[in-house]
file start39.cif (mmCIF, C-alpha atoms)
data_start
#
loop_
_atom_site.label_atom_id
_atom_site.label_comp_id
_atom_site.auth_asym_id
_atom_site.auth_seq_id
_atom_site.Cartn_x
_atom_site.Cartn_y
_atom_site.Cartn_z
CA MET X 25 0.00 0.00 0.00
CA LYS X 26 1.27 3.46 -0.92
CA ARG X 27 1.41 5.81 1.98
CA ARG X 28 1.56 9.59 1.75
CA ILE X 29 4.78 11.48 2.31
CA ALA X 30 4.81 15.20 3.16
CA VAL X 31 7.78 17.24 1.96
CA VAL X 32 7.67 20.06 4.46
CA ILE X 33 8.39 23.60 3.26
CA PHE X 34 9.40 26.36 5.66
CA PRO X 35 9.95 29.95 4.50
CA GLY X 36 13.46 29.71 3.01
CA THR X 37 13.44 26.02 2.08
CA ASN X 38 14.94 25.65 -1.41
CA SER X 39 15.49 21.95 -2.20
CA GLU X 40 11.89 20.78 -2.15
CA GLY X 41 11.62 20.41 -5.95
CA GLU X 42 14.32 17.78 -6.47
CA THR X 43 13.36 16.07 -3.21
CA VAL X 44 9.72 15.54 -4.14
CA ARG X 45 10.66 14.49 -7.71
CA LEU X 46 13.12 11.87 -6.53
CA LEU X 47 10.67 10.51 -3.97
CA ARG X 48 8.10 10.12 -6.76
CA ASP X 49 10.68 8.55 -9.10
CA CYS X 50 11.38 6.05 -6.32
CA GLY X 51 7.69 5.14 -6.07
CA GLY X 52 6.67 7.42 -3.23
CA ASP X 53 3.37 9.28 -3.00
CA ALA X 54 5.06 12.56 -2.11
CA HIS X 55 3.42 15.96 -1.72
CA LEU X 56 4.70 19.45 -1.01
CA VAL X 57 3.19 20.95 2.14
CA HIS X 58 3.69 24.69 2.70
CA TRP X 59 3.91 26.22 6.15
CA SER X 60 0.51 27.79 5.58
CA ARG X 61 -0.99 24.27 5.38
CA SER X 62 0.61 22.87 8.50
CA VAL X 63 -2.72 21.72 9.90
CA THR X 64 -2.82 19.03 7.18
CA LEU X 65 0.42 17.39 8.31
CA PRO X 66 -1.19 14.84 10.66
CA GLU X 67 -2.86 13.31 7.56
CA TYR X 68 0.54 12.19 6.23
CA ASP X 69 2.36 8.97 7.04
CA ALA X 70 5.94 10.27 6.84
CA TYR X 71 7.82 13.55 6.66
CA VAL X 72 10.81 14.78 4.70
CA LEU X 73 12.50 18.05 5.66
CA PRO X 74 14.48 19.23 2.62
CA GLY X 75 17.47 21.53 2.38
CA GLY X 76 17.57 25.31 2.24
CA PHE X 77 17.75 28.13 4.73
CA ALA X 78 14.57 27.95 6.79
CA TYR X 79 13.82 31.39 8.22
CA GLU X 80 17.15 32.55 6.75
CA ASP X 81 18.95 30.60 9.49
CA ARG X 82 18.07 33.45 11.87
CA ILE X 83 19.56 32.96 15.38
CA ARG X 84 21.10 29.60 14.31
CA ALA X 85 20.59 27.21 11.43
CA GLY X 86 17.31 25.42 12.08
CA ALA X 87 16.58 27.17 15.39
CA ILE X 88 13.44 29.09 14.41
CA ALA X 89 12.03 26.29 12.24
CA ALA X 90 12.41 23.86 15.15
CA HIS X 91 9.81 25.95 17.01
CA ASP X 92 7.48 26.41 14.04
CA SER X 93 4.00 24.92 14.31
CA MET X 94 4.96 22.60 11.41
CA MET X 95 7.38 20.96 13.79
CA ASP X 96 4.67 20.41 16.40
CA HIS X 97 3.14 17.93 13.95
CA VAL X 98 6.47 16.44 12.87
CA ILE X 99 7.47 15.89 16.52
CA ASP X 100 4.09 14.33 17.30
CA GLY X 101 4.47 12.07 14.25
CA ALA X 102 8.01 11.06 15.16
CA THR X 103 6.92 10.29 18.72
CA ALA X 104 4.14 8.10 17.32
CA GLY X 105 6.68 6.19 15.20
CA LYS X 106 6.25 7.87 11.82
CA LEU X 107 9.35 8.10 9.64
CA VAL X 108 11.10 11.47 9.48
CA PHE X 109 13.98 12.18 7.10
CA GLY X 110 15.87 15.48 7.19
CA ILE X 111 18.42 16.57 4.61
CA CYS X 112 20.95 19.39 5.13
CA ASN X 113 18.93 22.28 6.59
CA GLY X 114 16.26 19.70 7.39
CA ALA X 115 18.91 17.83 9.38
CA GLN X 116 19.83 21.02 11.23
CA VAL X 117 16.16 21.54 12.10
CA LEU X 118 15.92 17.98 13.46
CA LEU X 119 18.96 18.57 15.70
CA GLU X 120 17.57 21.85 16.99
CA ALA X 121 14.25 20.10 17.61
CA GLY X 122 16.09 17.46 19.63
CA LEU X 123 14.72 14.61 17.48
CA VAL X 124 18.26 13.48 16.67
CA PRO X 125 20.35 12.18 18.27
CA GLY X 126 17.36 12.20 20.59
CA THR X 127 19.46 11.86 23.73
CA GLY X 128 17.81 14.82 25.48
CA GLU X 129 14.43 16.47 25.70
CA VAL X 130 12.48 17.63 22.68
CA ARG X 131 13.55 21.14 21.61
CA ARG X 132 16.50 21.04 24.04
CA PRO X 133 19.39 20.27 21.64
CA THR X 134 22.35 18.31 22.94
CA ALA X 135 24.38 18.72 19.76
CA ALA X 136 24.48 20.90 16.68
CA PHE X 137 25.43 20.93 13.05
CA THR X 138 27.43 24.11 13.23
CA ARG X 139 30.05 26.23 11.45
CA ASN X 140 32.52 24.16 9.45
CA ALA X 141 36.08 23.89 10.75
CA PRO X 142 38.96 24.39 11.14
CA VAL X 143 38.38 27.59 9.15
CA PRO X 144 34.75 28.58 8.60
CA HIS X 145 33.98 27.81 4.97
CA PHE X 146 31.13 26.76 2.72
CA VAL X 147 31.55 23.19 1.47
CA ASN X 148 30.24 22.71 -2.04
CA ALA X 149 31.58 19.35 -3.14
CA PHE X 150 30.74 15.85 -4.29
CA VAL X 151 31.19 13.43 -1.39
CA TRP X 152 30.64 9.81 -0.43
CA VAL X 153 28.83 8.83 2.74
CA LYS X 154 29.02 5.36 4.22
CA LEU X 155 26.38 3.60 6.26
CA ALA X 156 27.97 3.21 9.71
CA ILE X 157 25.26 1.15 11.40
CA ALA X 158 23.61 -2.19 10.71
CA PRO X 159 21.00 -1.36 8.04
CA SER X 160 18.15 -2.56 10.25
CA ARG X 161 19.19 -0.18 13.08
CA CYS X 162 17.34 2.59 11.19
CA ARG X 163 14.06 1.82 9.44
CA ILE X 164 14.91 4.31 6.68
CA THR X 165 18.16 2.46 5.80
CA ALA X 166 16.78 -1.06 6.28
CA SER X 167 16.86 -1.88 2.55
CA LEU X 168 20.46 -0.78 2.07
CA PRO X 169 23.32 -3.29 2.04
CA GLU X 170 25.74 -3.38 4.97
CA GLY X 171 28.27 -0.54 4.66
CA ALA X 172 26.40 1.04 1.73
CA LEU X 173 28.39 3.79 0.04
CA ILE X 174 26.15 6.61 -1.22
CA PRO X 175 27.14 9.52 -3.45
CA ALA X 176 25.87 12.95 -2.47
CA TRP X 177 26.64 16.65 -2.69
CA SER X 178 27.73 18.56 0.36
CA SER X 179 26.41 22.09 0.26
CA HIS X 180 26.62 23.75 3.64
CA GLY X 181 28.52 26.22 5.78
CA GLU X 182 27.26 24.70 9.03
CA GLY X 183 27.45 20.93 8.83
CA ARG X 184 30.04 20.05 11.44
CA LEU X 185 28.65 17.94 14.25
CA ALA X 186 29.63 19.48 17.57
CA ALA X 187 28.79 18.51 21.13
CA ASP X 188 30.62 18.21 24.41
CA GLU X 189 32.71 15.10 25.06
CA ALA X 190 30.07 13.37 27.17
CA HIS X 191 27.40 13.80 24.53
CA LEU X 192 29.75 12.70 21.74
CA ARG X 193 30.47 9.51 23.68
CA GLU X 194 26.72 9.02 24.12
CA ILE X 195 26.15 9.54 20.39
CA GLU X 196 28.84 7.01 19.48
CA ALA X 197 27.97 4.41 22.11
CA GLY X 198 24.25 4.69 21.42
CA GLY X 199 24.67 3.83 17.75
CA HIS X 200 23.44 7.23 16.59
CA VAL X 201 26.13 7.69 13.91
CA ALA X 202 24.18 6.57 10.85
CA PHE X 203 26.52 7.86 8.13
CA GLN X 204 30.14 8.94 8.04
CA PHE X 205 32.02 10.76 5.32
CA ALA X 206 34.11 8.27 3.32
CA HIS X 207 36.53 8.02 0.42
CA ALA X 208 35.39 6.55 -2.90
CA ASP X 209 36.84 3.15 -1.92
CA GLY X 210 34.75 3.12 1.26
CA SER X 211 37.58 3.81 3.66
CA VAL X 212 36.84 6.23 6.47
CA ASP X 213 39.38 8.65 7.91
CA ALA X 214 39.78 12.33 8.72
CA GLY X 215 40.84 13.07 5.15
CA ALA X 216 37.37 12.22 3.89
CA VAL X 217 35.65 14.70 6.19
CA PRO X 218 35.18 18.06 4.43
CA ASN X 219 33.87 20.05 7.38
CA GLY X 220 35.63 18.93 10.57
CA SER X 221 32.58 17.02 11.78
CA ALA X 222 33.09 15.17 15.08
CA LEU X 223 33.35 11.38 14.63
CA GLY X 224 33.30 12.03 10.87
CA VAL X 225 29.52 12.24 11.13
CA ALA X 226 27.49 12.92 8.00
CA GLY X 227 24.21 11.64 9.39
CA LEU X 228 22.53 10.79 12.70
CA VAL X 229 19.68 8.49 13.70
CA ASN X 230 17.56 8.58 16.84
CA ARG X 231 17.35 5.75 19.37
CA GLU X 232 14.09 4.36 17.97
CA GLY X 233 15.44 4.29 14.41
CA ASN X 234 12.63 6.26 12.77
CA VAL X 235 14.28 9.69 12.44
CA LEU X 236 17.31 10.17 10.17
CA ALA X 237 19.20 13.43 9.62
CA ILE X 238 21.86 13.64 6.92
CA MET X 239 23.89 16.72 5.97
CA PRO X 240 24.92 16.02 2.33
CA HIS X 241 22.24 15.92 -0.37
CA PRO X 242 21.70 12.42 -1.86
CA GLU X 243 18.84 13.82 -3.96
CA ARG X 244 21.33 15.95 -5.88
CA ASP X 245 22.91 12.72 -7.09
CA GLY X 246 19.53 11.13 -7.72
CA TRP X 247 19.90 11.23 -11.48
CA THR X 248 22.94 10.70 -13.70
CA PHE X 249 23.08 14.31 -14.92
CA ASN X 250 24.59 15.51 -11.65
CA HIS X 251 26.97 12.58 -11.14
CA PRO X 252 30.64 13.46 -11.75
CA ASP X 253 31.35 10.22 -13.67
CA ARG X 254 28.65 10.88 -16.26
CA ARG X 255 29.86 10.45 -19.83
CA ARG X 256 28.65 11.85 -23.12
CA GLY X 257 25.75 9.76 -24.37
CA ASP X 258 24.61 8.59 -20.93
CA ASP X 259 20.91 8.85 -20.16
CA ILE X 260 21.00 11.93 -17.98
CA LEU X 261 17.74 11.01 -16.25
CA ALA X 262 18.82 7.49 -15.31
CA PRO X 263 18.76 6.87 -11.56
CA SER X 264 22.08 7.57 -9.89
CA GLY X 265 23.56 6.38 -6.60
CA GLY X 266 21.83 8.90 -4.38
CA ALA X 267 18.47 7.37 -5.28
CA VAL X 268 19.13 4.20 -3.29
CA LEU X 269 18.63 5.95 0.04
CA PHE X 270 15.37 7.46 -1.19
CA LYS X 271 14.22 4.03 -2.45
CA SER X 272 14.99 2.53 0.94
CA PHE X 273 13.04 5.36 2.62
CA VAL X 274 10.01 4.89 0.33
CA GLU X 275 10.05 1.12 0.89
CA ALA X 276 10.10 1.68 4.64
CA VAL X 277 7.22 4.17 4.43
CA ASN X 278 5.09 1.82 2.35
CA GLN X 279 5.79 -1.13 4.66
CA ALA X 280 4.87 0.81 7.79
CA MET C 7 45.98 49.02 25.80
CA SER C 8 42.82 47.85 27.50
CA GLU C 9 40.00 45.49 26.65
CA ARG C 10 36.95 47.39 25.37
CA ALA C 11 33.56 46.32 24.09
CA VAL C 12 31.49 47.87 21.34
CA ALA C 13 27.97 47.09 20.16
CA ILE C 14 27.01 47.34 16.50
CA ASN C 15 23.34 47.14 15.71
CA LEU C 16 21.08 47.88 12.78
CA LYS C 17 19.36 51.23 12.51
CA ILE C 18 17.19 49.80 9.75
CA PRO C 19 14.50 47.20 10.68
CA ASP C 20 16.12 44.06 12.05
CA ASN C 21 14.23 41.07 10.67
CA ALA C 22 16.20 38.57 12.76
CA ALA C 23 15.32 40.44 15.96
CA TYR C 24 11.67 40.52 14.95
CA THR C 25 11.67 36.78 14.25
CA ALA C 26 13.28 36.19 17.64
CA LEU C 27 10.59 38.37 19.25
CA THR C 28 7.66 36.50 17.71
CA THR C 29 9.20 33.12 18.48
CA LEU C 30 9.98 34.04 22.10
CA GLN C 31 6.43 35.31 22.55
CA ARG C 32 5.14 32.02 21.15
CA LEU C 33 7.31 30.22 23.69
CA GLY C 34 5.79 32.21 26.55
CA VAL C 35 8.64 34.62 27.30
CA ASP C 36 7.49 38.01 28.68
CA VAL C 37 8.90 40.31 25.99
CA THR C 38 7.57 43.10 23.76
CA ARG C 39 10.76 44.18 21.99
CA VAL C 40 14.02 42.52 21.05
CA GLU C 41 17.19 44.39 20.08
CA ARG C 42 20.07 42.48 18.51
CA SER C 43 23.68 43.71 18.49
CA GLU C 44 26.98 42.34 17.39
CA ILE C 45 29.33 42.75 20.35
CA LEU C 46 33.04 42.98 19.62
CA VAL C 47 35.71 42.89 22.31
CA VAL C 48 38.91 44.60 21.24
CA ASP C 49 42.21 45.72 22.75
CA PHE C 50 42.52 49.48 22.28
CA GLY C 51 44.62 52.26 23.77
CA GLY C 52 42.67 55.44 22.94
CA ASP C 53 39.48 57.06 24.21
CA ASP C 54 35.89 56.19 23.23
CA ALA C 55 35.80 58.62 20.31
CA ALA C 56 39.02 57.23 18.84
CA LEU C 57 37.77 53.66 19.23
CA ALA C 58 34.47 54.50 17.54
CA ALA C 59 36.25 56.29 14.71
CA THR C 60 38.59 53.33 14.17
CA ILE C 61 35.75 50.83 13.91
CA GLU C 62 33.58 53.09 11.79
CA ARG C 63 36.37 53.26 9.23
CA ASP C 64 36.38 49.44 8.81
CA GLU C 65 33.89 48.78 6.02
CA ALA C 66 34.05 45.02 6.65
CA ILE C 67 32.24 45.37 9.96
CA PHE C 68 30.53 48.76 9.86
CA ASN C 69 28.27 50.32 7.24
CA PRO C 70 27.20 53.85 8.26
CA ASN C 71 24.10 53.59 6.09
CA LYS C 72 22.66 50.79 8.18
CA HIS C 73 24.65 50.41 11.39
CA ARG C 74 24.82 52.25 14.70
CA LEU C 75 27.83 51.89 16.99
CA THR C 76 27.94 52.17 20.76
CA VAL C 77 31.06 52.00 22.89
CA LEU C 78 30.04 50.13 26.03
CA ASP C 79 31.00 51.15 29.54
CA ALA C 80 32.10 47.64 30.45
CA ARG C 81 32.74 44.25 28.97
CA ALA C 82 29.44 42.95 30.29
CA PRO C 83 25.86 42.71 29.09
CA ARG C 84 23.65 45.70 29.75
CA PRO C 85 20.44 45.30 31.83
CA GLY C 86 18.01 43.02 30.00
CA GLU C 87 20.73 41.76 27.67
CA VAL C 88 22.39 38.38 27.23
CA TRP C 89 25.52 37.80 25.19
CA ILE C 90 25.83 34.58 23.19
CA ALA C 91 29.22 33.43 21.93
CA GLU C 92 30.26 30.39 19.99
CA MET C 93 32.57 28.33 22.16
CA GLY C 94 36.15 29.20 21.28
CA ARG C 95 35.22 32.61 19.86
CA GLU C 96 34.57 34.48 23.09
CA LYS C 97 35.58 37.92 21.81
CA ARG C 98 32.64 38.08 19.45
CA TYR C 99 29.09 37.86 20.73
CA ILE C 100 25.53 38.35 19.64
CA GLY C 101 23.80 40.53 22.20
CA TRP C 102 20.06 40.02 22.64
CA ARG C 103 18.38 42.77 24.66
CA LEU C 104 14.84 42.00 25.74
CA ILE C 105 12.28 44.59 26.84
CA ASP C 106 9.29 43.41 28.86
CA LYS C 107 5.61 44.40 28.79
CA VAL C 108 6.08 47.51 30.91
CA GLY C 109 9.00 48.77 28.85
CA GLU C 110 11.69 47.73 31.32
CA PRO C 111 14.74 45.55 30.60
CA ALA C 112 13.74 41.90 30.94
CA SER C 113 14.37 40.16 34.23
CA LEU C 114 17.19 37.68 34.67
CA ALA C 115 14.59 34.90 34.88
CA ALA C 116 13.12 35.91 31.52
CA LEU C 117 16.59 36.11 29.98
CA ARG C 118 17.45 32.64 31.25
CA MET C 119 14.19 31.27 29.89
CA ALA C 120 14.82 32.90 26.49
CA CYS C 121 18.27 31.33 26.37
CA THR C 122 17.13 27.88 27.42
CA ARG C 123 14.23 27.83 24.99
CA LEU C 124 15.77 29.53 21.96
CA LEU C 125 18.72 31.89 22.02
CA CYS C 126 21.51 29.54 23.14
CA ASN C 127 22.36 26.00 22.06
CA PRO C 128 24.54 24.83 24.96
CA ALA C 129 26.24 22.26 22.76
CA ILE C 130 28.05 24.99 20.85
CA GLU C 131 27.35 28.30 22.57
CA LYS C 132 27.89 30.01 25.89
CA ALA C 133 25.59 32.63 27.42
CA THR C 134 26.81 35.57 29.52
CA PHE C 135 24.19 37.27 31.68
CA PRO C 136 24.22 40.72 33.31
CA GLN C 137 25.64 40.85 36.85
#
call {"tool": "encode", "arguments": {"input": "start39.cif", "output": "structure tokens"}}
result
Amino acid sequence: MKRRIAVVIFPGTNSEGETVRLLRDCGGDAHLVHWSRSVTLPEYDAYVLPGGFAYEDRIRAGAIAAHDSMMDHVIDGATAGKLVFGICNGAQVLLEAGLVPGTGEVRRPTAAFTRNAPVPHFVNAFVWVKLAIAPSRCRITASLPEGALIPAWSSHGEGRLAADEAHLREIEAGGHVAFQFAHADGSVDAGAVPNGSALGVAGLVNREGNVLAIMPHPERDGWTFNHPDRRRGDDILAPSGGAVLFKSFVEAVNQA
Amino acid sequence: MSERAVAINLKIPDNAAYTALTTLQRLGVDVTRVERSEILVVDFGGDDAALAATIERDEAIFNPNKHRLTVLDARAPRPGEVWIAEMGREKRYIGWRLIDKVGEPASLAALRMACTRLLCNPAIEKATFPQ
């Protein structure tokens, strides 16, 4: 059975178009839901928070959106077990809302995706992210193979995971590190991390496994036309590597 | 040389301050106005006028068409104001000054509530309150 997915749009969201298209290409029944229609959100079975600059990143990236009435419904849904998937700015909103790593209270963040280091800079680069948990640990990644390597585009100035030592240990020990930055051969080390992120984190999952936040954009490698290895004559609209995470998400939504 | 603090704020409408105001009100904080400043702590040897003139000449941080500069009496938040700094960058703050319903600087309790609920993420930021 096809279940309905809401792609949530805050003022300042800018990646909703490619996100909803890729969800549909992967078989999802995805719909754009503007902030002015937030009351309809409970009707949906899953939520995707796309990239952008919600509320112009005023105060901090994701801080205002985390308190928006849209997030009241997303938090209620996540608490009830619905799947929630945040990408880039959507991931920042989920951290500010306390839904990931989910080690504290709701809307009391214990970590942040913050200014890249060592020198503040905007990362705009093709990257690989590697699944760092057993696929079944997160319902959204359950259809991926062990150690799946996913191409994506990093596009952020504030994507470095930061927290105090105690919380970082809690994040690591609790199995919240869903994705790490990796080299093309799948190896993981500091050289693969473009933003100084603690533990090499590219994505986090909550304890229950139904909320996933990932900083790079897999949807921007959802079709061949944006993949760096594309060659003349390739079908530019063929599915590319970033689509596998979306397919896994859609499968999980439809099985719920 | 001595350590001095200056506040730079917008003299044009500050959309970020307005968004903070409406969000804080939604969260139940007693506030009717929010003023946002960039607080810079610098080492400087001259008087207030010389310090102001030096900063106002730096086009990277001060635009006379939209900014107003105040040399502060002390390196400490003013009444009703909290300073938020990213950890490791404690010479550069965002100052949030809250005014309550009767037009007075917000109480320390209201400032603490505003920080806990919105203005400060303790994972990456540190709040300095007025004495």
call {"tool": "closest_residue", "arguments": {"input": "start39.cif", "among": "X:Ala135, X:Cys50, X:Ala85, X:Ala30", "to": "chain C", "atoms": "all atoms listed in the file"}}
result
X:Ala135
call {"tool": "axis_aligned_box", "arguments": {"input": "start39.cif", "around": "range 25-39 of chain C", "padding_each_side": "6 Å", "output": "AutoDock Vina command-line options"}}
result
--center_x 9.2 --center_y 37.2 --center_z 21.5 --size_x 20.1 --size_y 26.0 --size_z 26.4
call {"tool": "resolve_selection", "arguments": {"input": "start39.cif", "expression": "the PyMOL selection byres ((chain C) within 7 of (chain X))", "output": "VMD selection string"}}
result
chain C and resid 22 125 127 129 to 130
call {"tool": "atom_distance", "arguments": {"input": "start39.cif", "atom1": "CA of Ile238 in chain X", "atom2": "CA of Gly51 in chain X"}}
result
21.0 Å
call {"tool": "resolve_selection", "arguments": {"input": "start39.cif", "expression": "the PyMOL selection byres ((chain X and resi 209-215) around 7)", "output": "ChimeraX atom specification"}}
result
/X:154,173,205-208,216-217,224
call {"tool": "write_last_selection", "arguments": {"input": "start39.cif", "atoms": "C-alpha atoms", "output": "PDB file, keeping the file's coordinate frame"}}
result
ATOM      1  CA  LYS X 154      29.020   5.360   4.220  1.00  0.00           C
ATOM      2  CA  LEU X 173      28.390   3.790   0.040  1.00  0.00           C
ATOM      3  CA  PHE X 205      32.020  10.760   5.320  1.00  0.00           C
ATOM      4  CA  ALA X 206      34.110   8.270   3.320  1.00  0.00           C
ATOM      5  CA  HIS X 207      36.530   8.020   0.420  1.00  0.00           C
ATOM      6  CA  ALA X 208      35.390   6.550  -2.900  1.00  0.00           C
ATOM      7  CA  ALA X 216      37.370  12.220   3.890  1.00  0.00           C
ATOM      8  CA  VAL X 217      35.650  14.700   6.190  1.00  0.00           C
ATOM      9  CA  GLY X 224      33.300  12.030  10.870  1.00  0.00           C
TER      10      GLY X 224
END
call {"tool": "residues_around", "arguments": {"input": "start39.cif", "residues": "Ala59 in chain C", "least_positions_apart": "3", "cutoff": "12 Å", "atoms": "only C-alpha atoms", "output": "MDAnalysis selection string"}}
result
chainID C and resid 12 50 52:56 62:65 68 70 75:77
call {"tool": "build_atoms", "arguments": {"input": "start39.cif", "residues": "range 84-111 of chain X", "atoms": "N, CA and C atoms", "output": "CSV table (one decimal), in the coordinates of the input"}}
result
chain,number,residue,atom,x,y,z
X,84,ARG,N,20.2,30.7,14.7
X,84,ARG,CA,21.1,29.6,14.3
X,84,ARG,C,20.4,28.8,13.2
X,85,ALA,N,21.2,28.0,12.5
X,85,ALA,CA,20.6,27.2,11.4
X,85,ALA,C,19.6,26.2,12.1
X,86,GLY,N,18.3,26.3,11.6
X,86,GLY,CA,17.3,25.4,12.1
X,86,GLY,C,16.6,25.8,13.4
X,87,ALA,N,17.1,26.9,14.0
X,87,ALA,CA,16.6,27.2,15.4
X,87,ALA,C,15.1,27.7,15.4
X,88,ILE,N,14.8,28.6,14.5
X,88,ILE,CA,13.4,29.1,14.4
X,88,ILE,C,12.5,28.0,13.9
X,89,ALA,N,12.9,27.3,12.8
X,89,ALA,CA,12.0,26.3,12.2
X,89,ALA,C,11.7,25.2,13.3
X,90,ALA,N,12.6,24.9,14.1
X,90,ALA,CA,12.4,23.9,15.2
X,90,ALA,C,11.2,24.2,16.1
X,91,HIS,N,10.9,25.5,16.2
X,91,HIS,CA,9.8,26.0,17.0
X,91,HIS,C,8.6,26.3,16.2
X,92,ASP,N,8.6,26.1,14.9
X,92,ASP,CA,7.5,26.4,14.0
X,92,ASP,C,6.4,25.4,14.3
X,93,SER,N,5.1,25.8,14.1
X,93,SER,CA,4.0,24.9,14.3
X,93,SER,C,4.1,23.7,13.4
X,94,MET,N,4.7,23.8,12.2
X,94,MET,CA,5.0,22.6,11.4
X,94,MET,C,5.6,21.5,12.2
X,95,MET,N,6.6,21.9,13.0
X,95,MET,CA,7.4,21.0,13.8
X,95,MET,C,6.6,20.3,14.9
X,96,ASP,N,5.5,21.0,15.4
X,96,ASP,CA,4.7,20.4,16.4
X,96,ASP,C,4.1,19.1,15.8
X,97,HIS,N,3.7,19.1,14.6
X,97,HIS,CA,3.1,17.9,14.0
X,97,HIS,C,4.2,16.9,13.6
X,98,VAL,N,5.4,17.4,13.2
X,98,VAL,CA,6.5,16.4,12.9
X,98,VAL,C,6.9,15.7,14.2
X,99,ILE,N,7.0,16.5,15.2
X,99,ILE,CA,7.5,15.9,16.5
X,99,ILE,C,6.4,14.9,17.0
X,100,ASP,N,5.2,15.3,16.9
X,100,ASP,CA,4.1,14.3,17.3
X,100,ASP,C,4.2,13.1,16.5
X,101,GLY,N,4.4,13.2,15.2
X,101,GLY,CA,4.5,12.1,14.2
X,101,GLY,C,5.7,11.2,14.6
X,102,ALA,N,6.8,11.8,14.8
X,102,ALA,CA,8.0,11.1,15.2
X,102,ALA,C,7.8,10.3,16.5
X,103,THR,N,7.2,10.9,17.4
X,103,THR,CA,6.9,10.3,18.7
X,103,THR,C,6.0,9.1,18.5
X,104,ALA,N,5.1,9.2,17.6
X,104,ALA,CA,4.1,8.1,17.3
X,104,ALA,C,4.7,7.0,16.4
X,105,GLY,N,6.0,7.2,16.0
X,105,GLY,CA,6.7,6.2,15.2
X,105,GLY,C,6.7,6.4,13.7
X,106,LYS,N,6.2,7.6,13.3
X,106,LYS,CA,6.2,7.9,11.8
X,106,LYS,C,7.7,8.1,11.4
X,107,LEU,N,8.0,7.9,10.1
X,107,LEU,CA,9.4,8.1,9.6
X,107,LEU,C,9.6,9.6,9.3
X,108,VAL,N,10.7,10.1,9.7
X,108,VAL,CA,11.1,11.5,9.5
X,108,VAL,C,12.5,11.5,8.9
X,109,PHE,N,12.7,12.2,7.8
X,109,PHE,CA,14.0,12.2,7.1
X,109,PHE,C,14.3,13.6,6.8
X,110,GLY,N,15.4,14.1,7.4
X,110,GLY,CA,15.9,15.5,7.2
X,110,GLY,C,17.2,15.5,6.4
X,111,ILE,N,17.2,16.4,5.5
X,111,ILE,CA,18.4,16.6,4.6
X,111,ILE,C,19.0,18.0,4.7
